[in-house]
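A.B. asks: Handing you this structure, nothing more for now.
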2 protein chains.
Amino acid sequence: MARTTISEVAKAAGVSVSTVSRALRGLDKVNPSTRKRVEDAAEKLHFSFSKSASSLASGKTMRVGVLLADRISGWFNSHAFEGVYESLSVHGYDVIPYVIWGEDSLDNFFQTLPGNQNVDAVIVFSFDLDDAKKQVLKELTVPVVGLNTPSDDGYDATARIDDDAAMYAPVRLLHSLGHESLAYVEQPETSPFLSSSRIRSQGFVSAARELGYADDKIMTIPAIVYTGMRSQMDAYSGIAAQLVGSPSRPTGVCVENDKVAVALVRELVRVGVRVPEDMSVIGFDDDSRAPILDLTTVHQDPTELGRAAGNKALALMRGEQLADPYSVVPTSLVLRDTTGTAPANE
Amino acid sequence: MARTTISEVAKAAGVSVSTVSRALRGLDKVNPSTRKRVEDAAEKLHFSFSKSASSLASGKTMRVGVLLADRISGWFNSHAFEGVYESLSVHGYDVIPYVIWGEDSLDNFFQTLPGNQNVDAVIVFSFDLDDAKKQVLKELTVPVVGLNTPSDDGYDATARIDDDAAMYAPVRLLHSLGHESLAYVEQPETSPFLSSSRIRSQGFVSAARELGYADDKIMTIPAIVYTGMRSQMDAYSGIAAQLVGSPSRPTGVCVENDKVAVALVRELVRVGVRVPEDMSVIGFDDDSRAPILDLTTVHQDPTELGRAAGNKALALMRGEQLADPYSVVPTSLVLRDTTGTAPANE
DNA sequence: ATGAAAGCGCTAACAG
DNA sequence: CTGTTAGCGCTTTCAT
């Protein structure tokens, strides 16, 4: 299986290299019998195109880059990546992840990759980019599509959930169950440029206000940015303590994601708070953890988001005009067992 | 940020393209002051190499392909991929996933990608390849490293856990807890070419035999291959029924992975079987689900496996001779709350 | 230490 | 419908 080149195929088939190129790429204007001959020769020689050579000559790389923060193995990222892969791989594109670990690697990415024709499009996951970087994006010659980016600014297209609107359903549920004091818990530690935290938190607050909660009945436990905690578990017991010890005595709490919600529920139970009898908890994501604890949560479909982003990139690469470049994938509340009517007043 | 080429940099720096090439790649024999000038020019012009052009000229693609089955978002695959990425990306390699959905796409992969210089190495996850395909691998001109492949045959290097040996610890635990009848549960549905099922199951059986269990005290519930089930849940209730209804009355059960184990435990509890009082359950993986149910399980580290595979690929690409091409990453038993002493005889 | 020149394997006009 | 001719942007001898 040593490297076979197109010219060897040409020789074997008794035609010119350009004919081989045309035949194998399925272009028109090739005599069916010639094509057959070429295909046979190619097959026999185990020929396949060198992507590099094709890229160089054609200007299209058939590769799209996916920019994501922190880790590819997380629930959201891995599923969104999969969605992108699904939509693009069937069209012959390679999908290449670029994991950004910190401000440095972000800078580095912006410094290098986009400049030269190394990808035909880039898809950006959940980043909260500063203006300078948005500017760089705009200057890119390839399409840039955002996935759950905080705004559409700087992107040729985006696919996202409406984090803000998504928080209305859980808050409404809590309200209808009679909870008079609410709380929102952010993930203890997050990547610096991940965006959903803030927005979701804001959505929670505005939903609560809209439903008539006074500000002293709306508590927020923000992300801890510094890494002072001895362990993850300490963070959760700290949160549980804040929840229980708060003067506002929240009985209904929304959590930024299921990962944190599950850990929190376990911690609450450990310290004697019954869920949902004493406190209702609602997560976000509906990931694989949620059903295990029968966690009430906000369902979102990152794979679908990925597919949507991939399809937009595809259309853009083809030069098509998108009918709806900035689209929203809906979320839905999943009712399970961690929510119940508010406990009777003390 | 329009495409800047090396020759523009050369012009700007007042040198030849070859000097730019040398300077920017950090080769020796470049006057420090010249290098500085080139670097400045490159930076100002936002220059970066075209990977395609470099590949074509040098013969090295700086890309490695990862072949994986089914989906990239699963716990094992996403973490193993991440490990590969970690080890390779810092050396400038792009890591490209190729997801294989069925026999067809496997054939297709083998037909095309390897032939021409599209990657510098390929890493294969968990595949059970037939001889024909192993033969193709052997003929590949690039290094091929396996990750959790059932055998080392056909690979230049592999990194794996010892599925067989890994099953000894849980079986020994069950034995020491006094369980007199055991069972092994495979994942209800799996990809056709995934390998761990069979091996793990075999390891379970031989461990049990070695510890003195008679064959009628060793039950195995194999994967259901056909898709007759109305839903996933039906599969689990079927398994629970088999476990409870079996004449051998197993009280200690090992499950192929945590995903299935967690679902099974929930189903058992639902039908009134107490865990661990009536039945002990041990999973495999120690994924994010395991701690939620306090599942006793066999811990494995796919990220580490991925890093190991990536590093081997790296060494091989450099032409180094590997001291230990076929290495084993250890697993360990994690004791939690789904295992206990066998119930008193009826 | 630097430059000139010859490709790497393919695509893309342009002829015919 | 098919062949010829130029490159794509870079690396790599080979000179100097």
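Letters A, B, ... mark the chains of the structure tokens in the order given; residue numbers begin at 1 per chain; ligand numbers begin at 1, in order shown.
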Just the residues within 10 Å of DT4 in chain D, please, counting only C-alpha atoms (C1' of nucleotides), with nothing from its chain fewer than 2 positions along; format it as a PyMOL selection string.
C.D. replies: (chain A and resi 16+18) or (chain C and resi 14-16) or (chain D and resi 6)
A.B. asks: Kindly export the residues of the current selection with N, CA, C and O atoms (P, O5', C5', C4', C3', O3' and C1' of nucleotides), as an mmCIF file, in the first residue's frame.
C.D. replies:
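Output file again_20.cif follows:
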```cif
data_model
loop_
_atom_site.group_PDB
_atom_site.id
_atom_site.type_symbol
_atom_site.label_atom_id
_atom_site.label_comp_id
_atom_site.auth_asym_id
_atom_site.auth_seq_id
_atom_site.Cartn_x
_atom_site.Cartn_y
_atom_site.Cartn_z
ATOM 1 N N SER A 16 -4.725 10.671 -19.373
ATOM 2 C CA SER A 16 -3.931 11.719 -18.734
ATOM 3 C C SER A 16 -4.360 11.904 -17.286
ATOM 4 O O SER A 16 -5.454 11.479 -16.887
ATOM 5 N N SER A 18 -5.302 14.543 -15.768
ATOM 6 C CA SER A 18 -6.505 15.366 -15.602
ATOM 7 C C SER A 18 -7.760 14.529 -15.792
ATOM 8 O O SER A 18 -8.767 14.722 -15.134
ATOM 9 P P DC C 14 -9.019 30.650 -19.407
ATOM 10 O "O5'" DC C 14 -8.322 29.711 -20.493
ATOM 11 C "C5'" DC C 14 -6.895 29.575 -20.480
ATOM 12 C "C4'" DC C 14 -6.485 28.526 -21.512
ATOM 13 C "C3'" DC C 14 -7.240 28.663 -22.842
ATOM 14 O "O3'" DC C 14 -6.308 28.941 -23.867
ATOM 15 C "C1'" DC C 14 -7.144 26.397 -22.111
ATOM 16 P P DA C 15 -6.822 29.549 -25.263
ATOM 17 O "O5'" DA C 15 -6.130 28.507 -26.240
ATOM 18 C "C5'" DA C 15 -6.840 27.359 -26.530
ATOM 19 C "C4'" DA C 15 -5.916 26.189 -26.712
ATOM 20 C "C3'" DA C 15 -6.172 25.527 -28.058
ATOM 21 O "O3'" DA C 15 -4.974 25.006 -28.591
ATOM 22 C "C1'" DA C 15 -6.841 24.068 -26.277
ATOM 23 P P DG C 16 -4.940 24.893 -30.212
ATOM 24 O "O5'" DG C 16 -5.907 23.678 -30.533
ATOM 25 C "C5'" DG C 16 -5.323 22.425 -30.656
ATOM 26 C "C4'" DG C 16 -6.286 21.357 -30.210
ATOM 27 C "C3'" DG C 16 -7.154 20.850 -31.359
ATOM 28 O "O3'" DG C 16 -6.641 19.578 -31.701
ATOM 29 C "C1'" DG C 16 -8.271 20.838 -29.244
ATOM 30 P P DA D 6 3.602 26.422 -20.230
ATOM 31 O "O5'" DA D 6 3.244 27.301 -18.946
ATOM 32 C "C5'" DA D 6 2.747 26.599 -17.826
ATOM 33 C "C4'" DA D 6 1.704 27.436 -17.114
ATOM 34 C "C3'" DA D 6 2.264 28.008 -15.811
ATOM 35 O "O3'" DA D 6 1.565 29.180 -15.443
ATOM 36 C "C1'" DA D 6 0.751 26.213 -15.362
#
```
A.B. asks: Kindly determine which residues of chain C lie within 7 Å of chain B, considering only C-alpha atoms (C1' of nucleotides), and give the answer as a PDB file with N, CA and C atoms (P, O5', C5', C4', C3', O3' and C1' of nucleotides), in the first residue's frame.
C.D. replies:
```pdb
ATOM      1  P    DA C   1      25.807  29.655  10.682  1.00  0.00           P
ATOM      2  O5'  DA C   1      25.112  30.673   9.680  1.00  0.00           O
ATOM      3  C5'  DA C   1      25.307  32.060   9.842  1.00  0.00           C
ATOM      4  C4'  DA C   1      24.945  32.719   8.547  1.00  0.00           C
ATOM      5  C3'  DA C   1      23.437  32.758   8.269  1.00  0.00           C
ATOM      6  O3'  DA C   1      23.140  34.036   7.714  1.00  0.00           O
ATOM      7  C1'  DA C   1      24.550  31.626   6.505  1.00  0.00           C
ATOM      8  P    DT C   2      21.679  34.446   7.426  1.00  0.00           P
ATOM      9  O5'  DT C   2      21.520  34.046   5.903  1.00  0.00           O
ATOM     10  C5'  DT C   2      21.924  34.982   4.921  1.00  0.00           C
ATOM     11  C4'  DT C   2      21.846  34.339   3.558  1.00  0.00           C
ATOM     12  C3'  DT C   2      20.437  34.228   2.986  1.00  0.00           C
ATOM     13  O3'  DT C   2      20.305  35.242   2.000  1.00  0.00           O
ATOM     14  C1'  DT C   2      21.811  32.349   2.461  1.00  0.00           C
ATOM     15  P    DG C   3      18.928  35.435   1.267  1.00  0.00           P
ATOM     16  O5'  DG C   3      19.178  34.666  -0.114  1.00  0.00           O
ATOM     17  C5'  DG C   3      20.248  35.090  -0.921  1.00  0.00           C
ATOM     18  C4'  DG C   3      20.341  34.224  -2.160  1.00  0.00           C
ATOM     19  C3'  DG C   3      19.021  34.076  -2.926  1.00  0.00           C
ATOM     20  O3'  DG C   3      19.310  34.163  -4.322  1.00  0.00           O
ATOM     21  C1'  DG C   3      19.849  31.935  -2.348  1.00  0.00           C
ATOM     22  P    DC C   8       8.262  15.256  -7.988  1.00  0.00           P
ATOM     23  O5'  DC C   8       7.432  15.351  -6.623  1.00  0.00           O
ATOM     24  C5'  DC C   8       7.996  15.053  -5.351  1.00  0.00           C
ATOM     25  C4'  DC C   8       6.981  15.431  -4.286  1.00  0.00           C
ATOM     26  C3'  DC C   8       5.550  15.077  -4.693  1.00  0.00           C
ATOM     27  O3'  DC C   8       5.149  13.912  -3.979  1.00  0.00           O
ATOM     28  C1'  DC C   8       5.719  17.361  -3.868  1.00  0.00           C
TER      29       DC C   8
END
```
A.B. asks: Sort by chain and increasing residue number a table of all residues of chain D within 10 Å of chain B, each with its closest pair of atoms and their distance in Å to one decimal, counting only C-alpha atoms (C1' of nucleotides), and write it as a tab-separated table.
C.D. replies:
```
residue	atom	partner	partner_atom	distance
D:DC8	C1'	B:Ala53	CA	7.8
D:DG9	C1'	B:Ala53	CA	4.9
D:DC10	C1'	B:Ala53	CA	4.9
D:DT11	C1'	B:Ala57	CA	5.1
D:DT12	C1'	B:Ser58	CA	8.3
```
A.B. asks: Per DSSP on the backbone, what are the strand (DSSP E) residues of range 178-318 of chain A, as a list in words?
C.D. replies: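 Residues meeting the strand (DSSP E) criterion: Leu182, Ala183, Tyr184, Val185, Ile218, Met219, Thr220, Ile221, Gly252, Val253, Cys254, Val255, Ser280, Val281, Ile282, Gly283, Phe284, Asp285, Thr296, Thr297, Val298 and His299 of chain A.
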A.B. asks: Write out as a PyMOL selection string each polymer residue whose atoms come within 12 Å of Gly212 in chain A, counting only C-alpha atoms (C1' of nucleotides); drop sequence neighbours fewer than 3 positions from it.
C.D. replies: chain A and resi 171-172+175-176+179-182+205-209+215-218
A.B. asks: Once chain B is fitted onto chain A by least squares over all its in-order Cα atoms, send the moved chain as a short mmCIF file (atom, residue, chain, number, x, y, z; two decimals) with C-alpha atoms, in the first residue's frame.
C.D. replies:
```
data_model
loop_
_atom_site.label_atom_id
_atom_site.label_comp_id
_atom_site.auth_asym_id
_atom_site.auth_seq_id
_atom_site.Cartn_x
_atom_site.Cartn_y
_atom_site.Cartn_z
CA MET B 1 -0.15 0.02 0.13
CA ALA B 2 2.68 2.32 -0.66
CA ARG B 3 1.74 5.78 -1.79
CA THR B 4 0.02 5.57 -5.13
CA THR B 5 -0.16 8.77 -7.10
CA ILE B 6 -2.63 9.94 -9.62
CA SER B 7 -0.13 9.60 -12.42
CA GLU B 8 0.32 5.90 -11.73
CA VAL B 9 -3.39 5.49 -12.04
CA ALA B 10 -3.30 7.48 -15.25
CA LYS B 11 -0.63 5.23 -16.63
CA ALA B 12 -2.50 2.10 -15.62
CA ALA B 13 -5.69 3.35 -17.21
CA GLY B 14 -3.94 4.67 -20.27
CA VAL B 15 -5.21 8.22 -19.87
CA SER B 16 -3.90 11.55 -18.68
CA VAL B 17 -3.81 12.65 -15.10
CA SER B 18 -6.41 15.29 -15.71
CA THR B 19 -8.80 12.67 -16.93
CA VAL B 20 -8.20 10.61 -13.85
CA SER B 21 -8.83 13.62 -11.70
CA ARG B 22 -12.08 14.36 -13.47
CA ALA B 23 -13.23 10.77 -13.56
CA LEU B 24 -12.59 10.09 -9.90
CA ARG B 25 -14.22 13.25 -8.72
CA GLY B 26 -17.36 12.47 -10.66
CA LEU B 27 -17.17 15.47 -12.91
CA ASP B 28 -19.13 15.48 -16.12
CA LYS B 29 -17.59 15.34 -19.54
CA VAL B 30 -16.00 12.02 -18.98
CA ASN B 31 -16.82 9.11 -21.20
CA PRO B 32 -18.53 6.45 -19.10
CA SER B 33 -16.26 3.74 -20.38
CA THR B 34 -13.19 5.84 -19.68
CA ARG B 35 -14.45 6.50 -16.20
CA LYS B 36 -14.98 2.85 -15.59
CA ARG B 37 -11.47 2.07 -16.68
CA VAL B 38 -10.06 4.75 -14.41
CA GLU B 39 -12.11 3.62 -11.46
CA ASP B 40 -10.97 0.08 -11.87
CA ALA B 41 -7.36 1.10 -12.07
CA ALA B 42 -7.73 3.29 -8.99
CA GLU B 43 -9.35 0.54 -7.03
CA LYS B 44 -6.75 -1.98 -7.99
CA LEU B 45 -3.97 0.37 -6.97
CA HIS B 46 -5.72 1.38 -3.74
CA PHE B 47 -5.46 4.91 -4.89
CA SER B 48 -6.85 7.82 -2.97
CA PHE B 49 -6.22 11.50 -3.35
CA SER B 50 -3.64 13.26 -1.29
CA LYS B 51 -5.66 15.84 0.54
CA SER B 52 -2.68 18.10 0.79
CA ALA B 53 -2.07 18.12 -2.90
CA SER B 54 -5.74 18.63 -3.65
CA SER B 55 -5.92 21.44 -1.15
CA LEU B 56 -2.94 23.18 -2.52
CA ALA B 57 -4.14 23.01 -6.06
CA SER B 58 -7.77 23.77 -5.48
CA GLY B 59 -7.64 26.13 -2.55
CA LYS B 60 -10.16 24.07 -0.61
CA THR B 61 -8.89 22.10 2.33
CA MET B 62 -11.95 19.96 3.03
CA ARG B 63 -11.29 20.51 6.69
CA VAL B 64 -13.14 22.50 9.26
CA GLY B 65 -11.78 23.48 12.62
CA VAL B 66 -13.75 23.39 15.83
CA LEU B 67 -12.64 25.73 18.56
CA LEU B 68 -13.62 24.60 22.01
CA ALA B 69 -12.71 25.45 25.55
CA ASP B 70 -11.10 23.35 28.20
CA ARG B 71 -11.85 19.79 27.27
CA ILE B 72 -13.44 17.82 24.51
CA SER B 73 -14.69 15.07 26.79
CA GLY B 74 -17.28 17.06 28.65
CA TRP B 75 -20.91 16.30 28.03
CA PHE B 76 -21.74 19.40 26.06
CA ASN B 77 -18.58 19.64 24.01
CA SER B 78 -18.36 16.00 23.07
CA HIS B 79 -21.97 15.87 21.95
CA ALA B 80 -21.82 19.15 20.08
CA PHE B 81 -18.63 18.02 18.40
CA GLU B 82 -20.34 14.83 17.42
CA GLY B 83 -23.16 16.79 15.84
CA VAL B 84 -20.72 18.83 13.83
CA TYR B 85 -18.96 15.68 12.78
CA GLU B 86 -22.18 14.05 11.68
CA SER B 87 -23.19 16.88 9.45
CA LEU B 88 -19.79 17.48 7.91
CA SER B 89 -18.14 14.10 7.62
CA VAL B 90 -20.76 12.77 5.23
CA HIS B 91 -19.75 15.53 2.86
CA GLY B 92 -16.14 14.53 2.98
CA TYR B 93 -14.89 17.06 5.48
CA ASP B 94 -12.43 16.29 8.21
CA VAL B 95 -13.37 17.90 11.49
CA ILE B 96 -10.44 19.01 13.58
CA PRO B 97 -10.77 20.00 17.22
CA TYR B 98 -8.69 22.80 18.65
CA VAL B 99 -8.91 22.82 22.40
CA ILE B 100 -8.21 26.12 24.04
CA TRP B 101 -6.79 25.84 27.52
CA GLY B 102 -6.21 29.45 28.32
CA GLU B 103 -5.88 32.96 27.07
CA ASP B 104 -2.51 32.08 25.59
CA SER B 105 -3.64 29.27 23.40
CA LEU B 106 -6.58 31.37 22.29
CA ASP B 107 -4.23 34.12 21.21
CA ASN B 108 -2.05 31.61 19.54
CA PHE B 109 -4.95 30.14 17.66
CA PHE B 110 -5.99 33.50 16.42
CA GLN B 111 -2.46 34.30 15.48
CA THR B 112 -1.92 31.28 13.33
CA LEU B 113 -4.63 28.99 12.12
CA PRO B 114 -6.99 31.36 10.46
CA GLY B 115 -4.39 33.18 8.44
CA ASN B 116 -3.54 30.63 5.89
CA GLN B 117 -5.80 28.20 4.20
CA ASN B 118 -5.71 25.47 6.74
CA VAL B 119 -9.44 25.06 7.14
CA ASP B 120 -12.43 25.98 5.03
CA ALA B 121 -14.51 27.10 8.00
CA VAL B 122 -14.28 27.39 11.73
CA ILE B 123 -16.92 26.62 14.28
CA VAL B 124 -16.62 28.23 17.67
CA PHE B 125 -18.17 26.63 20.74
CA SER B 126 -19.51 28.72 23.62
CA PHE B 127 -16.83 31.35 23.62
CA ASP B 128 -17.15 34.75 25.07
CA LEU B 129 -14.73 36.62 22.86
CA ASP B 130 -13.47 40.12 23.41
CA ASP B 131 -13.82 42.75 20.74
CA ALA B 132 -10.32 42.34 19.44
CA LYS B 133 -10.92 38.70 18.76
CA LYS B 134 -14.28 39.31 17.20
CA GLN B 135 -12.51 41.70 14.93
CA VAL B 136 -10.09 38.98 13.92
CA LEU B 137 -13.00 36.67 13.20
CA LYS B 138 -14.56 39.24 10.96
CA GLU B 139 -11.39 39.55 8.98
CA LEU B 140 -11.19 35.85 8.41
CA THR B 141 -11.62 34.83 4.82
CA VAL B 142 -13.43 31.62 5.77
CA PRO B 143 -16.91 31.33 7.27
CA VAL B 144 -17.09 31.42 11.04
CA VAL B 145 -20.07 29.96 12.77
CA GLY B 146 -20.79 30.16 16.45
CA LEU B 147 -22.39 27.51 18.62
CA ASN B 148 -23.93 28.80 21.82
CA THR B 149 -21.99 31.99 21.60
CA PRO B 150 -23.29 34.79 23.79
CA SER B 151 -24.01 36.98 20.81
CA ASP B 152 -24.16 36.73 17.05
CA ASP B 153 -21.74 39.55 16.67
CA GLY B 154 -18.75 38.60 14.60
CA TYR B 155 -20.19 35.36 13.30
CA ASP B 156 -21.49 34.58 9.85
CA ALA B 157 -24.02 32.29 11.45
CA THR B 158 -24.81 30.84 14.84
CA ALA B 159 -26.87 28.07 16.36
CA ARG B 160 -27.77 28.38 19.98
CA ILE B 161 -30.21 27.78 22.70
CA ASP B 162 -31.73 30.76 24.32
CA ASP B 163 -30.14 30.51 27.76
CA ASP B 164 -32.15 33.43 28.91
CA ALA B 165 -35.53 32.11 27.82
CA ALA B 166 -34.64 28.58 28.88
CA MET B 167 -34.64 29.69 32.49
CA TYR B 168 -38.24 30.83 32.42
CA ALA B 169 -39.73 27.36 32.47
CA PRO B 170 -37.98 26.14 35.61
CA VAL B 171 -38.62 29.37 37.44
CA ARG B 172 -42.25 29.24 36.47
CA LEU B 173 -42.44 25.67 37.72
CA LEU B 174 -40.96 26.64 41.06
CA HIS B 175 -43.37 29.54 41.28
CA SER B 176 -46.37 27.39 40.52
CA LEU B 177 -45.27 24.93 43.18
CA GLY B 178 -45.49 27.72 45.69
CA HIS B 179 -41.83 28.35 46.36
CA GLU B 180 -41.49 31.81 47.77
CA SER B 181 -37.76 32.17 47.79
CA LEU B 182 -35.45 31.04 45.03
CA ALA B 183 -31.77 30.54 44.44
CA TYR B 184 -29.49 30.04 41.48
CA VAL B 185 -26.24 28.12 41.74
CA GLU B 186 -23.44 28.57 39.24
CA GLN B 187 -20.83 25.94 38.53
CA PRO B 188 -18.10 26.43 41.13
CA GLU B 189 -15.28 26.66 38.61
CA THR B 190 -15.42 27.37 34.94
CA SER B 191 -13.23 28.33 32.07
CA PRO B 192 -12.70 32.06 31.82
CA PHE B 193 -14.25 32.42 28.38
CA LEU B 194 -17.21 30.14 28.66
CA SER B 195 -20.37 32.08 28.29
CA SER B 196 -23.43 30.22 29.49
CA SER B 197 -22.97 30.88 33.21
CA ARG B 198 -23.64 34.54 33.17
CA ILE B 199 -26.50 34.46 30.71
CA ARG B 200 -28.33 31.66 32.37
CA SER B 201 -27.98 33.36 35.69
CA GLN B 202 -29.39 36.56 34.24
CA GLY B 203 -32.26 34.67 32.70
CA PHE B 204 -33.03 33.19 36.06
CA VAL B 205 -33.10 36.56 37.75
CA SER B 206 -35.27 38.25 35.19
CA ALA B 207 -37.70 35.36 35.11
CA ALA B 208 -37.99 35.49 38.87
CA ARG B 209 -38.53 39.22 38.88
CA GLU B 210 -41.12 38.95 36.19
CA LEU B 211 -43.02 36.46 38.28
CA GLY B 212 -43.08 38.89 41.14
CA TYR B 213 -40.23 37.77 43.34
CA ALA B 214 -38.64 40.56 45.30
CA ASP B 215 -34.91 40.89 45.04
CA ASP B 216 -34.36 39.61 48.56
CA LYS B 217 -36.11 36.42 47.53
CA ILE B 218 -33.72 35.87 44.65
CA MET B 219 -30.40 34.52 45.71
CA THR B 220 -27.43 33.81 43.48
CA ILE B 221 -24.42 31.74 44.37
CA PRO B 222 -21.79 32.73 41.87
CA ALA B 223 -18.94 30.70 40.53
CA ILE B 224 -15.88 30.59 42.68
CA VAL B 225 -13.06 31.60 40.47
CA TYR B 226 -10.07 31.13 42.69
CA THR B 227 -8.96 27.59 43.37
CA GLY B 228 -8.79 27.67 47.10
CA MET B 229 -10.94 24.61 47.64
CA ARG B 230 -9.26 21.53 48.97
CA SER B 231 -11.47 19.42 46.75
CA GLN B 232 -14.51 19.59 44.59
CA MET B 233 -16.60 18.23 47.40
CA ASP B 234 -15.69 21.14 49.64
CA ALA B 235 -17.14 23.50 47.11
CA TYR B 236 -20.44 21.69 47.19
CA SER B 237 -20.66 21.55 50.94
CA GLY B 238 -19.97 25.26 50.92
CA ILE B 239 -22.81 25.82 48.51
CA ALA B 240 -25.16 23.65 50.54
CA ALA B 241 -24.24 25.61 53.62
CA GLN B 242 -24.98 28.92 51.91
CA LEU B 243 -28.31 27.61 50.72
CA VAL B 244 -29.35 26.32 54.10
CA GLY B 245 -27.94 29.20 56.08
CA SER B 246 -29.27 32.02 53.95
CA PRO B 247 -31.69 34.41 55.67
CA SER B 248 -33.91 34.29 52.60
CA ARG B 249 -34.34 30.53 53.12
CA PRO B 250 -34.69 29.55 49.48
CA THR B 251 -36.67 26.38 48.88
CA GLY B 252 -36.47 26.29 45.12
CA VAL B 253 -33.09 26.21 43.45
CA CYS B 254 -31.96 26.21 39.87
CA VAL B 255 -28.49 24.97 39.09
CA GLU B 256 -26.33 25.86 36.13
CA ASN B 257 -25.98 22.27 35.00
CA ASP B 258 -26.76 18.72 35.97
CA LYS B 259 -23.25 17.90 36.97
CA VAL B 260 -23.37 20.46 39.74
CA ALA B 261 -27.01 19.78 40.50
CA VAL B 262 -26.40 16.10 41.12
CA ALA B 263 -23.45 16.78 43.38
CA LEU B 264 -25.47 19.37 45.22
CA VAL B 265 -28.44 17.10 45.75
CA ARG B 266 -26.18 14.45 47.19
CA GLU B 267 -24.61 16.96 49.49
CA LEU B 268 -27.97 18.31 50.60
CA VAL B 269 -29.23 14.85 51.38
CA ARG B 270 -26.03 14.15 53.26
CA VAL B 271 -26.60 17.09 55.57
CA GLY B 272 -30.21 16.17 56.14
CA VAL B 273 -32.06 18.34 53.67
CA ARG B 274 -34.70 16.25 51.96
CA VAL B 275 -35.13 16.70 48.21
CA PRO B 276 -37.78 17.60 47.18
CA GLU B 277 -39.63 17.75 50.49
CA ASP B 278 -37.46 20.46 51.99
CA MET B 279 -35.93 21.84 48.86
CA SER B 280 -36.63 21.53 45.14
CA VAL B 281 -33.68 21.34 42.77
CA ILE B 282 -33.68 21.82 39.01
CA GLY B 283 -30.69 21.13 36.83
CA PHE B 284 -29.78 22.05 33.29
CA ASP B 285 -28.70 19.83 30.37
CA ASP B 286 -30.49 16.56 30.93
CA ASP B 287 -27.22 14.72 30.64
CA SER B 288 -26.61 11.08 31.52
CA ARG B 289 -26.53 11.89 35.22
CA ALA B 290 -29.95 13.44 35.42
CA PRO B 291 -32.09 10.31 35.06
CA ILE B 292 -30.07 8.48 37.68
CA LEU B 293 -31.21 10.80 40.43
CA ASP B 294 -34.51 11.51 38.70
CA LEU B 295 -33.45 15.09 38.48
CA THR B 296 -35.90 17.62 37.17
CA THR B 297 -33.96 19.56 34.60
CA VAL B 298 -33.92 21.67 31.49
CA HIS B 299 -33.26 19.50 28.49
CA GLN B 300 -31.00 20.70 25.71
CA ASP B 301 -29.65 18.86 22.72
CA PRO B 302 -26.03 19.75 22.01
CA THR B 303 -25.78 17.19 19.23
CA GLU B 304 -28.56 18.96 17.40
CA LEU B 305 -26.85 22.26 17.99
CA GLY B 306 -23.70 20.78 16.50
CA ARG B 307 -25.53 19.50 13.47
CA ALA B 308 -27.15 22.87 12.95
CA ALA B 309 -23.81 24.64 13.17
CA GLY B 310 -22.23 22.11 10.83
CA ASN B 311 -24.97 22.53 8.26
CA LYS B 312 -24.67 26.27 8.36
CA ALA B 313 -20.95 26.02 7.84
CA LEU B 314 -21.58 23.70 4.93
CA ALA B 315 -23.97 26.10 3.25
CA LEU B 316 -21.64 29.01 3.83
CA MET B 317 -18.71 27.11 2.35
CA ARG B 318 -20.80 26.52 -0.72
CA GLY B 319 -21.35 30.21 -0.94
CA GLU B 320 -25.05 29.91 -0.27
CA GLN B 321 -27.02 32.64 1.35
CA LEU B 322 -28.53 31.43 4.61
CA ALA B 323 -32.23 32.01 5.07
CA ASP B 324 -31.85 31.97 8.81
CA PRO B 325 -28.22 32.46 9.76
CA TYR B 326 -28.90 32.94 13.44
CA SER B 327 -31.10 30.17 14.72
CA VAL B 328 -32.28 28.98 18.09
CA VAL B 329 -32.70 25.37 19.11
CA PRO B 330 -35.42 24.96 21.73
CA THR B 331 -34.98 23.64 25.24
CA SER B 332 -37.62 21.94 27.32
CA LEU B 333 -38.30 21.32 30.95
CA VAL B 334 -38.17 17.69 32.04
CA LEU B 335 -40.21 17.03 35.11
CA ARG B 336 -38.82 14.39 37.40
CA ASP B 337 -38.57 13.84 41.11
CA THR B 338 -36.41 16.54 42.59
CA THR B 339 -39.14 19.13 42.49
CA GLY B 340 -42.27 19.30 44.61
CA THR B 341 -44.56 21.74 46.34
CA ALA B 342 -42.94 24.19 48.67
CA PRO B 343 -42.70 23.06 52.29
CA ALA B 344 -45.31 24.57 54.61
CA ASN B 345 -44.12 27.76 56.25
CA GLU B 346 -42.27 27.14 59.47
#
```
A.B. asks: Name the residues of range 68-242 of chain A that fall into helix (DSSP H, G or I) according to DSSP on the backbone, using the chain letters and numbers of this document, as a ChimeraX atom specification.
C.D. replies: /A:75-89,103-111,131-139,163-166,168-176,196-210,215-217,232-242
